[in-house]
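A quick write-up on the structure given underneath.
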Amino acid sequence: MLSVNAHGGALALAARVGPGQSILLVNKSTGEEQECRVVDVGSLQDGKWTVGIELVEPSAKFWKINFPPCAQKQVSIRR
């Protein structure tokens, strides 16, 4: 695993996958499964592809990590 967030992440995979392909991701710690979609395939390093994935159903709880709350942008309207 390279990085994760509530919407997906970046993985290092030995299997060759393509953009748009559906894969089933399993959290090894919990056994929980989550369907995801490949959104990007990067370079090959050490026999593994860098792959960007998007969770079909976003879930911050899947990774069992406490993410900080998203800061809302403040918009000011000047008249």
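Scheme for the structure tokens: letters A, B, ... for chains in order shown; per-chain residue numbers from 1; ligand numbers from 1 in order shown.
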
What's around A:Ala6 at 9 Å? Count only C-alpha atoms, leave out sequence neighbours fewer than 3 positions away in its own chain, and write the answer as a PyMOL selection string. chain A and resi 9+55+58-63+67

If you run DSSP on this backbone, which residues of chain A come out as strand (DSSP E or B), and could you give them as JSON, numbers by chain? {"A": [3, 4, 5, 8, 9, 10, 11, 12, 13, 22, 23, 24, 25, 26, 33, 34, 35, 36, 37, 38, 39, 40, 41, 42, 43, 44, 45, 48, 49, 50, 51, 52, 53, 54, 55]}

Take the residues that were just selected and, keeping N, CA, C and O atoms, output them as a compact mmCIF listing (two decimals), in the first residue's frame.
# COMPACT_ATOMS: atom_id res chain seq x y z
N SER A 3 -0.58 4.71 -0.41
CA SER A 3 -1.33 5.73 0.31
C SER A 3 -2.82 5.40 0.21
O SER A 3 -3.25 4.73 -0.72
N VAL A 4 -3.59 5.88 1.20
CA VAL A 4 -5.02 5.62 1.22
C VAL A 4 -5.77 6.86 1.67
O VAL A 4 -5.22 7.74 2.32
N ASN A 5 -7.06 6.91 1.30
CA ASN A 5 -7.96 7.94 1.80
C ASN A 5 -9.37 7.36 1.78
O ASN A 5 -9.56 6.20 1.42
N GLY A 8 -10.29 6.02 -1.79
CA GLY A 8 -9.48 5.04 -2.51
C GLY A 8 -8.05 5.04 -2.05
O GLY A 8 -7.76 5.12 -0.87
N GLY A 9 -7.13 4.97 -3.02
CA GLY A 9 -5.73 4.96 -2.66
C GLY A 9 -4.83 4.63 -3.83
O GLY A 9 -5.28 4.54 -4.98
N ALA A 10 -3.57 4.43 -3.52
CA ALA A 10 -2.57 4.03 -4.50
C ALA A 10 -1.92 2.74 -3.98
O ALA A 10 -1.51 2.67 -2.83
N LEU A 11 -1.88 1.73 -4.83
CA LEU A 11 -1.37 0.42 -4.45
C LEU A 11 -0.20 0.04 -5.33
O LEU A 11 -0.05 0.55 -6.44
N ALA A 12 0.58 -0.92 -4.87
CA ALA A 12 1.62 -1.54 -5.69
C ALA A 12 1.13 -2.96 -5.96
O ALA A 12 0.99 -3.76 -5.04
N LEU A 13 0.81 -3.26 -7.23
CA LEU A 13 0.27 -4.57 -7.59
C LEU A 13 1.19 -5.29 -8.56
O LEU A 13 1.69 -4.69 -9.52
N SER A 22 -12.66 -3.41 -12.55
CA SER A 22 -13.13 -3.58 -11.18
C SER A 22 -12.26 -4.62 -10.49
O SER A 22 -11.92 -5.64 -11.10
N ILE A 23 -11.89 -4.34 -9.25
CA ILE A 23 -11.16 -5.32 -8.46
C ILE A 23 -11.77 -5.36 -7.07
O ILE A 23 -12.44 -4.42 -6.64
N LEU A 24 -11.57 -6.47 -6.38
CA LEU A 24 -12.07 -6.63 -5.02
C LEU A 24 -10.89 -6.48 -4.08
O LEU A 24 -9.92 -7.24 -4.15
N LEU A 25 -10.95 -5.50 -3.21
CA LEU A 25 -9.89 -5.22 -2.27
C LEU A 25 -10.28 -5.81 -0.92
O LEU A 25 -11.42 -5.68 -0.49
N VAL A 26 -9.34 -6.50 -0.27
CA VAL A 26 -9.61 -7.12 1.02
C VAL A 26 -8.65 -6.53 2.06
O VAL A 26 -7.44 -6.52 1.86
N GLU A 33 -14.22 -6.70 2.75
CA GLU A 33 -14.03 -6.56 1.31
C GLU A 33 -14.67 -5.28 0.81
O GLU A 33 -15.68 -4.84 1.35
N GLN A 34 -14.06 -4.70 -0.21
CA GLN A 34 -14.57 -3.47 -0.80
C GLN A 34 -14.32 -3.51 -2.30
O GLN A 34 -13.21 -3.76 -2.74
N GLU A 35 -15.37 -3.31 -3.08
CA GLU A 35 -15.21 -3.25 -4.53
C GLU A 35 -14.60 -1.91 -4.90
O GLU A 35 -14.94 -0.87 -4.34
N CYS A 36 -13.64 -1.93 -5.82
CA CYS A 36 -13.02 -0.69 -6.27
C CYS A 36 -12.80 -0.73 -7.77
O CYS A 36 -12.95 -1.76 -8.42
N ARG A 37 -12.48 0.43 -8.29
CA ARG A 37 -12.28 0.62 -9.73
C ARG A 37 -10.89 1.19 -9.93
O ARG A 37 -10.47 2.10 -9.21
N VAL A 38 -10.17 0.66 -10.92
CA VAL A 38 -8.84 1.18 -11.26
C VAL A 38 -9.03 2.49 -12.01
O VAL A 38 -9.75 2.55 -12.99
N VAL A 39 -8.39 3.55 -11.52
CA VAL A 39 -8.51 4.86 -12.16
C VAL A 39 -7.22 5.29 -12.84
O VAL A 39 -7.22 6.17 -13.69
N ASP A 40 -6.10 4.65 -12.46
CA ASP A 40 -4.82 5.03 -13.06
C ASP A 40 -3.83 3.89 -12.90
O ASP A 40 -3.82 3.21 -11.88
N VAL A 41 -3.04 3.66 -13.94
CA VAL A 41 -1.95 2.69 -13.86
C VAL A 41 -0.67 3.44 -14.18
O VAL A 41 -0.52 4.02 -15.25
N GLY A 42 0.23 3.45 -13.20
CA GLY A 42 1.49 4.18 -13.35
C GLY A 42 2.61 3.28 -13.80
O GLY A 42 2.41 2.32 -14.54
N SER A 43 3.77 3.55 -13.28
CA SER A 43 4.98 2.86 -13.72
C SER A 43 5.18 1.52 -13.01
O SER A 43 4.59 1.24 -11.97
N LEU A 44 6.06 0.72 -13.61
CA LEU A 44 6.45 -0.58 -13.06
C LEU A 44 7.75 -0.39 -12.29
O LEU A 44 8.73 0.12 -12.83
N GLN A 45 7.74 -0.76 -11.00
CA GLN A 45 8.92 -0.67 -10.17
C GLN A 45 9.05 -1.93 -9.34
O GLN A 45 8.09 -2.35 -8.70
N LYS A 48 6.29 -4.46 -9.67
CA LYS A 48 4.92 -4.10 -9.30
C LYS A 48 4.52 -2.78 -9.97
O LYS A 48 5.33 -1.88 -10.12
N TRP A 49 3.23 -2.72 -10.35
CA TRP A 49 2.67 -1.52 -10.96
C TRP A 49 2.10 -0.61 -9.89
O TRP A 49 1.49 -1.07 -8.93
N THR A 50 2.28 0.68 -10.04
CA THR A 50 1.64 1.65 -9.17
C THR A 50 0.24 1.88 -9.72
O THR A 50 0.09 2.28 -10.88
N VAL A 51 -0.78 1.59 -8.93
CA VAL A 51 -2.16 1.61 -9.39
C VAL A 51 -3.01 2.52 -8.49
O VAL A 51 -3.01 2.35 -7.27
N GLY A 52 -3.71 3.46 -9.10
CA GLY A 52 -4.65 4.30 -8.38
C GLY A 52 -6.02 3.65 -8.40
O GLY A 52 -6.49 3.23 -9.46
N ILE A 53 -6.64 3.53 -7.23
CA ILE A 53 -7.97 2.91 -7.16
C ILE A 53 -8.96 3.86 -6.50
O ILE A 53 -8.59 4.70 -5.69
N GLU A 54 -10.23 3.67 -6.84
CA GLU A 54 -11.33 4.43 -6.26
C GLU A 54 -12.33 3.44 -5.69
O GLU A 54 -12.73 2.50 -6.39
N LEU A 55 -12.68 3.61 -4.43
CA LEU A 55 -13.69 2.74 -3.82
C LEU A 55 -15.04 3.03 -4.46
O LEU A 55 -15.41 4.20 -4.61

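Interatomic distance, atom CA of A:Lys64 against atom CA of A:Ser29: 9.1 Å.
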
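As for atom CA of A:Val17 and atom CA of A:Asp46, they are spaced 16.3 Å apart.
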